[in-house]
file query_12.cif (mmCIF, C-alpha atoms and all ligand atoms)
data_my_file
#
loop_
_atom_site.label_atom_id
_atom_site.label_comp_id
_atom_site.auth_asym_id
_atom_site.auth_seq_id
_atom_site.Cartn_x
_atom_site.Cartn_y
_atom_site.Cartn_z
CA MET D 287 73.87 98.69 -0.38
CA LEU D 288 77.33 99.54 0.95
CA LEU D 289 78.31 103.20 1.15
CA ARG D 290 81.90 104.31 1.35
CA THR D 291 82.09 108.07 1.51
CA ASP D 292 83.36 110.81 3.80
CA LYS D 293 80.22 112.87 3.36
CA PRO D 294 78.14 113.18 6.56
CA ASN D 295 74.71 111.61 6.85
CA ILE D 296 72.24 114.49 6.56
CA ARG D 297 70.19 112.97 9.36
CA SER D 298 73.04 113.32 11.82
CA TYR D 299 72.25 117.08 11.77
CA ALA D 300 69.82 118.72 14.18
CA LEU D 301 67.60 121.30 12.48
CA ASP D 302 69.53 124.27 13.94
CA ASP D 303 72.84 122.82 12.77
CA LEU D 304 71.46 122.23 9.30
CA ARG D 305 70.18 125.82 9.14
CA ALA D 306 73.60 127.09 10.26
CA PHE D 307 75.31 124.96 7.60
CA PHE D 308 73.01 126.32 4.90
CA GLU D 309 73.68 129.91 5.98
CA GLU D 310 77.41 129.34 6.07
CA LYS D 311 77.29 128.04 2.50
CA GLY D 312 75.20 131.00 1.32
CA GLU D 313 71.92 129.05 1.05
CA LYS D 314 68.67 130.32 2.54
CA ALA D 315 68.23 128.91 6.06
CA PHE D 316 64.49 128.26 5.67
CA ARG D 317 65.33 125.72 2.96
CA ALA D 318 66.89 123.63 5.71
CA ASN D 319 63.40 123.27 7.24
CA GLN D 320 62.09 121.83 3.98
CA VAL D 321 65.01 119.43 3.72
CA PHE D 322 64.53 118.40 7.36
CA GLN D 323 60.90 117.65 6.64
CA TRP D 324 61.84 115.56 3.61
CA VAL D 325 64.31 113.38 5.49
CA TRP D 326 62.35 112.92 8.72
CA GLN D 327 58.70 113.20 7.81
CA LYS D 328 58.36 112.45 4.12
CA HIS D 329 60.95 109.66 4.21
CA ALA D 330 62.87 110.80 1.10
CA LYS D 331 65.31 108.13 -0.02
CA SER D 332 67.32 110.44 -2.27
CA PHE D 333 67.83 114.18 -2.79
CA GLY D 334 66.12 113.73 -6.17
CA ASP D 335 62.89 112.92 -4.27
CA MET D 336 62.79 116.46 -2.84
CA THR D 337 60.59 117.85 -5.55
CA ASN D 338 59.88 121.26 -4.04
CA LEU D 339 63.59 122.14 -4.07
CA GLY D 340 65.36 123.60 -7.09
CA LYS D 341 67.84 121.59 -9.14
CA ASP D 342 70.80 123.58 -7.86
CA LEU D 343 69.88 123.02 -4.24
CA ARG D 344 69.45 119.30 -4.82
CA ALA D 345 72.90 119.22 -6.43
CA PHE D 346 74.27 121.17 -3.44
CA LEU D 347 72.83 118.58 -1.07
CA GLN D 348 74.17 115.74 -3.16
CA GLU D 349 77.63 117.31 -3.06
CA HIS D 350 77.72 117.73 0.73
CA PHE D 351 75.63 114.95 2.25
CA LEU D 352 74.45 111.42 1.88
CA ILE D 353 71.10 109.92 2.83
CA THR D 354 71.31 106.48 4.35
CA GLU D 355 68.58 104.00 3.80
CA LEU D 356 67.37 101.01 5.74
CA ASP D 357 66.50 98.11 3.44
CA VAL D 358 64.11 95.34 4.40
CA LEU D 359 66.26 92.28 3.71
CA SER D 360 63.64 89.70 4.62
CA GLU D 361 60.24 89.37 6.28
CA GLN D 362 58.95 86.34 8.14
CA HIS D 363 55.30 85.87 9.01
CA SER D 364 54.18 83.99 12.09
CA ASN D 365 50.97 81.98 12.31
CA ASP D 366 49.77 84.50 14.90
CA GLY D 367 50.27 87.50 12.56
CA THR D 368 53.58 88.66 14.00
CA VAL D 369 56.01 89.91 11.35
CA LYS D 370 59.76 89.77 11.91
CA SER D 371 61.93 91.85 9.60
CA ALA D 372 65.67 91.76 9.03
CA PHE D 373 66.89 95.25 8.18
CA SER D 374 70.11 95.81 6.33
CA LEU D 375 72.04 98.92 7.32
CA SER D 376 74.20 101.07 5.04
CA ASP D 377 77.37 99.24 6.16
CA GLY D 378 75.84 95.84 5.44
CA LYS D 379 75.16 94.96 9.10
CA VAL D 380 71.78 93.53 9.98
CA VAL D 381 69.32 94.12 12.83
CA GLU D 382 65.85 92.77 13.43
CA GLY D 383 62.55 94.41 14.30
CA VAL D 384 59.13 92.92 14.97
CA LEU D 385 55.55 94.00 14.33
CA ILE D 386 53.18 92.51 16.89
CA PRO D 387 49.53 92.91 15.90
CA ALA D 388 46.79 92.60 18.52
CA ASP D 389 43.11 93.54 18.55
CA SER D 390 43.53 97.06 19.80
CA ARG D 391 47.19 97.76 19.19
CA MET D 392 49.98 97.47 16.67
CA THR D 393 53.31 97.31 18.45
CA ALA D 394 56.77 97.72 16.95
CA CYS D 395 59.64 96.06 18.80
CA ILE D 396 62.78 97.96 17.85
CA SER D 397 66.52 97.24 18.08
CA SER D 398 68.97 99.78 19.47
CA GLN D 399 72.33 98.08 18.84
CA VAL D 400 73.81 95.59 16.38
CA GLY D 401 74.37 92.68 18.76
CA CYS D 402 74.70 93.36 22.48
CA SER D 403 77.57 93.82 24.92
CA LEU D 404 75.61 92.09 27.70
CA ASP D 405 75.19 88.36 28.09
CA CYS D 406 71.77 87.57 29.53
CA LYS D 407 71.70 83.79 29.57
CA PHE D 408 68.18 83.42 28.18
CA CYS D 409 68.66 85.77 25.23
CA ALA D 410 69.59 84.84 21.67
CA THR D 411 70.99 88.31 20.91
CA ALA D 412 73.60 87.70 23.61
CA GLN D 413 75.08 85.02 21.35
CA LEU D 414 76.00 87.73 18.81
CA LYS D 415 78.94 89.88 19.70
CA MET D 416 78.39 93.60 20.13
CA MET D 417 79.13 95.20 16.77
CA ARG D 418 78.03 98.79 17.09
CA ASN D 419 75.39 101.22 18.27
CA LEU D 420 72.60 102.13 15.89
CA ASN D 421 72.41 105.74 14.75
CA PRO D 422 69.24 107.75 15.48
CA ASP D 423 68.10 107.49 11.84
CA GLU D 424 68.59 103.70 11.83
CA ILE D 425 66.43 103.39 14.94
CA TYR D 426 63.82 105.76 13.51
CA ASP D 427 63.74 103.99 10.15
CA GLN D 428 62.86 100.68 11.78
CA VAL D 429 59.78 102.40 13.21
CA VAL D 430 58.89 103.84 9.79
CA ALA D 431 59.31 100.44 8.07
CA ILE D 432 57.25 98.60 10.70
CA SER D 433 54.63 101.33 10.66
CA ARG D 434 54.26 100.78 6.89
CA GLN D 435 53.80 97.05 7.49
CA ALA D 436 51.04 97.78 10.02
CA ASP D 437 49.25 99.96 7.45
CA GLN D 438 49.73 97.66 4.50
CA LYS D 439 49.11 94.30 6.14
CA PHE D 440 46.54 95.19 8.79
CA GLY D 441 45.13 98.55 7.71
CA GLN D 442 45.91 100.01 11.11
CA PRO D 443 48.40 102.64 12.26
CA LEU D 444 51.25 101.75 14.56
CA SER D 445 50.11 102.38 18.12
CA ASN D 446 53.07 101.45 20.34
CA ILE D 447 56.86 101.23 20.23
CA VAL D 448 58.93 99.12 22.60
CA PHE D 449 62.72 99.14 22.72
CA MET D 450 62.98 95.43 23.44
CA GLY D 451 64.75 94.23 20.30
CA MET D 452 68.48 93.69 19.92
CA GLY D 453 70.75 95.60 22.28
CA GLU D 454 70.57 97.48 25.58
CA PRO D 455 68.99 100.86 24.76
CA LEU D 456 70.45 102.66 27.79
CA LEU D 457 73.96 101.77 26.61
CA ASN D 458 73.17 103.69 23.42
CA PHE D 459 71.34 106.40 25.29
CA LYS D 460 72.26 109.44 23.21
CA ASN D 461 71.18 107.94 19.90
CA VAL D 462 68.05 106.32 21.36
CA SER D 463 67.06 109.68 22.90
CA THR D 464 67.57 111.52 19.62
CA ALA D 465 65.54 108.89 17.77
CA ILE D 466 62.73 109.18 20.33
CA GLN D 467 62.73 112.98 19.96
CA HIS D 468 62.21 112.55 16.21
CA ILE D 469 59.56 109.87 16.75
CA MET D 470 57.64 112.23 19.06
CA SER D 471 58.27 115.42 17.08
CA GLU D 472 55.57 117.00 14.92
CA GLN D 473 58.24 117.19 12.22
CA GLY D 474 58.74 113.45 12.59
CA LEU D 475 56.14 110.80 13.39
CA GLY D 476 54.24 112.81 16.00
CA MET D 477 53.77 109.84 18.34
CA SER D 478 52.84 110.40 21.97
CA TYR D 479 55.42 109.61 24.67
CA LYS D 480 52.74 107.48 26.32
CA ARG D 481 53.11 104.97 23.51
CA ILE D 482 56.87 104.53 23.79
CA THR D 483 58.54 102.14 26.24
CA VAL D 484 62.27 101.77 26.78
CA SER D 485 63.21 98.46 28.34
CA THR D 486 66.51 98.07 30.19
CA SER D 487 68.35 95.20 31.82
CA GLY D 488 68.92 97.61 34.74
CA VAL D 489 71.76 100.08 34.11
CA ALA D 490 71.33 101.98 37.39
CA LYS D 491 73.38 105.04 36.43
CA MET D 492 71.36 105.53 33.25
CA ILE D 493 68.04 105.05 35.05
CA ARG D 494 69.11 107.96 37.26
CA ARG D 495 69.91 109.91 34.10
CA LEU D 496 66.35 109.29 32.84
CA GLY D 497 65.17 110.74 36.15
CA GLU D 498 67.46 113.78 35.84
CA ASP D 499 66.19 114.34 32.29
CA ARG D 500 62.59 113.85 33.51
CA VAL D 501 61.83 111.73 30.48
CA LYS D 502 58.18 111.19 29.77
CA TYR D 503 58.23 107.89 27.91
CA ARG D 504 57.66 104.65 29.79
CA LEU D 505 60.35 102.59 31.48
CA ALA D 506 60.40 98.80 31.74
CA ILE D 507 62.94 96.76 33.66
CA SER D 508 63.94 93.25 32.56
CA LEU D 509 64.06 91.87 36.09
CA HIS D 510 63.56 88.09 35.83
CA ALA D 511 64.75 87.42 39.40
CA ALA D 512 64.42 89.47 42.56
CA ASP D 513 67.31 88.11 44.57
CA ASN D 514 70.90 88.97 43.74
CA GLU D 515 72.24 85.45 43.60
CA LYS D 516 69.73 84.21 41.05
CA ARG D 517 69.71 87.42 39.03
CA SER D 518 73.50 87.39 38.71
CA GLN D 519 73.33 83.82 37.43
CA ILE D 520 71.22 84.83 34.45
CA MET D 521 72.14 88.51 33.99
CA SER D 522 75.76 89.41 34.63
CA ILE D 523 74.85 93.10 34.71
CA ASN D 524 73.54 92.33 38.19
CA ASN D 525 77.14 91.87 39.39
CA THR D 526 77.86 95.55 38.79
CA ASN D 527 74.29 96.84 39.21
CA PRO D 528 72.87 94.78 42.09
CA LEU D 529 69.22 94.99 43.10
CA GLU D 530 69.95 97.51 45.88
CA ASP D 531 71.47 99.95 43.36
CA LEU D 532 68.66 99.28 40.93
CA ALA D 533 66.05 99.99 43.63
CA ASP D 534 67.80 103.26 44.60
CA ALA D 535 67.97 104.36 40.97
CA LEU D 536 64.28 103.54 40.48
CA LYS D 537 63.29 105.50 43.59
CA PHE D 538 65.19 108.50 42.23
CA TYR D 539 63.61 108.03 38.79
CA TYR D 540 60.14 107.86 40.28
CA ALA D 541 60.73 110.90 42.52
CA GLU D 542 61.75 112.94 39.46
CA THR D 543 59.24 111.69 36.88
CA GLY D 544 56.26 110.44 38.90
CA SER D 545 56.00 107.57 36.38
CA PRO D 546 55.37 104.01 37.50
CA VAL D 547 57.60 101.31 36.01
CA THR D 548 56.89 97.91 34.49
CA TYR D 549 58.86 94.83 35.52
CA GLU D 550 59.33 92.12 32.93
CA TYR D 551 59.65 88.70 34.53
CA ILE D 552 60.24 85.64 32.36
CA LEU D 553 59.23 82.50 34.22
CA PHE D 554 61.79 79.68 34.01
CA ARG D 555 60.74 76.31 35.33
CA ASP D 556 62.35 75.40 38.68
CA PHE D 557 64.54 78.47 38.57
CA ASN D 558 62.47 81.56 39.39
CA ASP D 559 58.89 80.24 39.61
CA SER D 560 58.63 79.19 43.28
CA GLU D 561 56.62 80.79 46.09
CA GLU D 562 59.81 82.24 47.52
CA ASP D 563 60.63 83.79 44.14
CA ALA D 564 57.17 85.35 44.06
CA ARG D 565 57.67 86.74 47.59
CA ASN D 566 61.02 88.27 46.57
CA LEU D 567 59.39 89.82 43.52
CA ILE D 568 56.52 91.22 45.60
CA ARG D 569 59.03 92.79 47.99
CA PHE D 570 61.12 94.31 45.23
CA SER D 571 58.15 95.61 43.26
CA LYS D 572 57.05 97.71 46.23
CA HIS D 573 60.05 100.09 45.98
CA VAL D 574 58.14 102.24 43.47
CA PRO D 575 54.62 102.10 41.97
CA SER D 576 54.78 99.39 39.34
CA LYS D 577 53.10 96.61 37.45
CA ILE D 578 54.48 93.26 36.44
CA ASN D 579 54.41 91.45 33.12
CA ILE D 580 54.90 87.73 33.61
CA ILE D 581 56.30 86.40 30.36
CA GLU D 582 56.22 82.89 29.03
CA TYR D 583 59.76 81.69 28.25
CA ASN D 584 60.65 80.98 24.61
CA PRO D 585 63.33 78.33 24.40
CA VAL D 586 66.53 79.49 22.68
CA GLU D 587 68.86 76.95 21.07
CA GLY D 588 71.47 75.68 23.51
CA SER D 589 69.74 77.26 26.52
CA PRO D 590 69.47 75.22 29.75
CA PHE D 591 66.15 76.87 30.67
CA ARG D 592 62.69 75.41 30.27
CA GLN D 593 59.25 76.92 30.15
CA THR D 594 57.31 76.66 33.38
CA ASP D 595 54.07 74.69 33.31
CA PRO D 596 50.64 76.38 33.28
CA GLU D 597 49.79 75.42 36.89
CA ARG D 598 52.98 76.94 38.29
CA LEU D 599 52.48 80.03 36.15
CA GLU D 600 48.95 80.46 37.45
CA ARG D 601 50.03 79.91 41.07
CA PHE D 602 52.78 82.53 40.64
CA ARG D 603 50.34 85.01 39.13
CA ARG D 604 47.84 84.45 41.94
CA LEU D 605 50.47 85.05 44.62
CA LEU D 606 51.19 88.45 43.07
CA GLU D 607 47.52 89.24 42.70
CA ASN D 608 46.82 88.31 46.33
CA ALA D 609 49.57 90.75 47.35
CA GLY D 610 47.66 93.53 45.57
CA ILE D 611 50.02 93.70 42.59
CA THR D 612 48.88 94.30 39.02
CA ALA D 613 50.32 91.36 37.11
CA THR D 614 49.55 90.40 33.53
CA VAL D 615 50.59 87.21 31.80
CA ARG D 616 52.07 87.88 28.36
CA ARG D 617 51.96 84.97 25.97
CA SER D 618 54.88 85.49 23.68
CA ARG D 619 54.13 86.14 20.05
CA GLY D 620 55.95 85.01 16.91
CA LYS D 621 57.58 81.96 18.51
CA ASP D 622 57.47 79.94 15.30
CA ILE D 623 59.66 82.49 13.52
CA ASP D 624 62.04 83.22 16.43
CA ALA D 625 60.55 86.68 16.82
CA ALA D 626 59.46 86.33 20.42
CA CYS D 627 61.00 88.04 23.40
CA GLY D 628 64.72 87.14 23.64
CA GLN D 629 64.83 85.28 20.32
CA LEU D 630 66.24 87.92 17.97
CA ALA D 631 69.57 86.65 16.65
CA ASN D 632 69.76 87.41 12.90
CA LYS D 633 69.22 83.72 12.16
CA THR D 634 67.65 84.36 8.80
CA ALA D 635 70.19 86.94 7.77
CA SER D 636 73.39 85.22 8.79
S1 LIG D 701 68.20 90.63 27.02
FE1 LIG D 701 68.66 92.64 26.12
S2 LIG D 701 70.42 93.36 27.36
FE2 LIG D 701 70.30 91.16 27.73
S3 LIG D 701 71.69 90.25 26.18
FE3 LIG D 701 69.62 90.29 25.29
S4 LIG D 701 69.56 92.17 24.11
FE4 LIG D 701 71.28 92.36 25.54
#
call {"tool": "encode", "arguments": {"input": "query_12.cif", "output": "C-alpha cells"}}
result
Amino acid sequence: MLLRTDKPNIRSYALDDLRAFFEEKGEKAFRANQVFQWVWQKHAKSFGDMTNLGKDLRAFLQEHFLITELDVLSEQHSNDGTVKSAFSLSDGKVVEGVLIPADSRMTACISSQVGCSLDCKFCATAQLKMMRNLNPDEIYDQVVAISRQADQKFGQPLSNIVFMGMGEPLLNFKNVSTAIQHIMSEQGLGMSYKRITVSTSGVAKMIRRLGEDRVKYRLAISLHAADNEKRSQIMSINNTNPLEDLADALKFYYAETGSPVTYEYILFRDFNDSEEDARNLIRFSKHVPSKINIIEYNPVEGSPFRQTDPERLERFRRLLENAGITATVRRSRGKDIDAACGQLANKTAS
C-alpha cells in the first residue's frame, strides 16, 4: 500500500506531544493516552478500530494523522523452523525479519535500515544500496509481526530481540532507541531490556554514546577479526574505527554501564581461523568482560569466503576455552531460505 499524504504519522508523536496537540485543538488530553495505547499496544491498523473513542474524535484523528502499517509480503519457512518474512513498508520499500525458534527461546532478528551504508564483505545486505533509515514504528512493527508468528506457529511468546537484520543499528540510533523504548514500555510490549541485543559493526563514537546514555540493553560487536589488517579487509568500517578506538569505546561503555559485551566472530576458512587469529581474539576480548559467539559462515552468492571445517572450528573453540574465555558455537539457522546471519538481501521480494 503506497501512501502519499502530508499528514504526519501518529506514531511519530511521543505521548506528551500528542497530549499537547490534543489540548491545542480543544480535545481532552487524556484521550491522547487512549489513542497512544491503541497505536502502540493494541496495534490498531485504522482509526476506525479505536472503538472506545467517539465518532467525532475518530474523524478528528483521520483528518490530522495517518497510521502506517507494515504488511507481511511473504513468509519463507526453513526446514529447521526458522521463518523469514519480507515486510513491505508504506512507501513500498521492503525489509526482512527472521523468527528463530529454539527449545527455550523465540528470537526475532530485526532490521534497522532499508539496505546498509556499510560494505562488510561477507554480508548479503551490503549488496543492496542504503535506501533509508527505518522509523521507530517500522522497527517496532517487525517485532509485533514476528511475535504473532511465534504465538501462532509455535504457541510460545517472543522471548528475545536481536538487531542483527538489515542495516547498522547505531547509524540509525535515534529511531532504534525510540523503538526500543516502546518495546520495553508498559504501554508498548513490556519486554525486559535483558532480552534485547543491539549488534554493531563497531561504530566507536556511538558505542561511547551508549555508555553516556547508560543503556541497559545488551551490546554485541560484529568483530570477525582481531587484527586491523584483516578486519579492514572484510569490514571497511575498521579503516575509520580501528580496533584501538573500538577497545577504548568499549572500555568507556563498560565503565558506564557495567555490562559485559558479546563478540560475534564468523569463522572463514584460511582467513581468520588460525591459532594466531585465536590468540589475537583472546587478547582483544580481554579489554572488557565479554563472551564470544563463534558463528558458522553461510556462503553468500559471489563471496570469496568459505566455511571452515569442523576440526578447525573445534580447535579454535578449544583455544579460547583454554584461555578461560566463554565461547559458544552458533550453528546458523535458516540457511536453506537465506535467513541466516549475513544472508538478508530481499531476494524473494526483489
Ligand atoms: S554486516 Fe551489518 S553493518 Fe555490515 S553490511 Fe551487513 S548489515 Fe551492514
call {"tool": "atom_distance", "arguments": {"input": "query_12.cif", "atom1": "atom CA of D:Leu509", "atom2": "atom CA of D:Ile568"}}
result
12.2 Å
call {"tool": "closest_residue", "arguments": {"input": "query_12.cif", "among": "D:Ile507, D:Val448, D:Ala410, D:Leu536", "to": "D:Ser589", "atoms": "all atoms listed in the file"}}
result
D:Ala410
call {"tool": "residues_near_ligand", "arguments": {"input": "query_12.cif", "ligand": "ligand LIG 701 (chain D)", "cutoff": "7 Å", "atoms": "all atoms listed in the file", "output": "list in words"}}
result
Cys402, Ser403, Leu404, Asp405, Cys406, Cys409, Ala410, Thr411, Ala412, Met450, Gly451, Met452, Gly453, Glu454, Thr486, Ser487 and Gly628 of chain D
call {"tool": "atom_distance", "arguments": {"input": "query_12.cif", "atom1": "atom CA of D:Ala511", "atom2": "atom CA of D:Leu567"}}
result
7.2 Å
call {"tool": "atom_distance", "arguments": {"input": "query_12.cif", "atom1": "atom CA of D:Leu475", "atom2": "atom CA of D:Gln327"}}
result
6.6 Å
call {"tool": "closest_residue", "arguments": {"input": "query_12.cif", "among": "D:Gln362, D:Pro422, D:Ala372, D:Pro590", "to": "D:His468", "atoms": "all atoms listed in the file"}}
result
D:Pro422
call {"tool": "residues_around", "arguments": {"input": "query_12.cif", "residues": "D:Ser374", "least_positions_apart": "5", "cutoff": "7 Å", "atoms": "only C-alpha atoms", "output": "NGL selection string"}}
result
:D and (356-359 or 379-381)
call {"tool": "residues_around", "arguments": {"input": "query_12.cif", "residues": "D:Asn295", "least_positions_apart": "5", "cutoff": "12 Å", "atoms": "all atoms listed in the file", "output": "CSV table (one decimal) with C-alpha atoms, in the frame of the given file"}}
result
chain,number,residue,atom,x,y,z
D,289,LEU,CA,78.3,103.2,1.2
D,290,ARG,CA,81.9,104.3,1.4
D,300,ALA,CA,69.8,118.7,14.2
D,304,LEU,CA,71.5,122.2,9.3
D,325,VAL,CA,64.3,113.4,5.5
D,332,SER,CA,67.3,110.4,-2.3
D,347,LEU,CA,72.8,118.6,-1.1
D,348,GLN,CA,74.2,115.7,-3.2
D,349,GLU,CA,77.6,117.3,-3.1
D,350,HIS,CA,77.7,117.7,0.7
D,351,PHE,CA,75.6,115.0,2.2
D,352,LEU,CA,74.4,111.4,1.9
D,353,ILE,CA,71.1,109.9,2.8
D,354,THR,CA,71.3,106.5,4.4
D,355,GLU,CA,68.6,104.0,3.8
D,376,SER,CA,74.2,101.1,5.0
D,421,ASN,CA,72.4,105.7,14.8
D,422,PRO,CA,69.2,107.8,15.5
D,423,ASP,CA,68.1,107.5,11.8
D,424,GLU,CA,68.6,103.7,11.8
call {"tool": "residues_around", "arguments": {"input": "query_12.cif", "residues": "stretch 543-558 of chain D", "least_positions_apart": "5", "cutoff": "6 Å", "atoms": "all atoms listed in the file", "output": "PyMOL selection string"}}
result
chain D and resi 500+505-510+563+575-583+592-594
call {"tool": "closest_residue", "arguments": {"input": "query_12.cif", "among": "D:Phe449, D:Phe346, D:Phe308, D:Phe570", "to": "D:Ala533", "atoms": "all atoms listed in the file"}}
result
D:Phe570
call {"tool": "axis_aligned_box", "arguments": {"input": "query_12.cif", "around": "stretch 418-427 of chain D", "padding_each_side": "6 Å", "output": "AutoDock Vina command-line options"}}
result
--center_x 70.9 --center_y 103.3 --center_z 14.2 --size_x 26.3 --size_y 21.0 --size_z 20.1
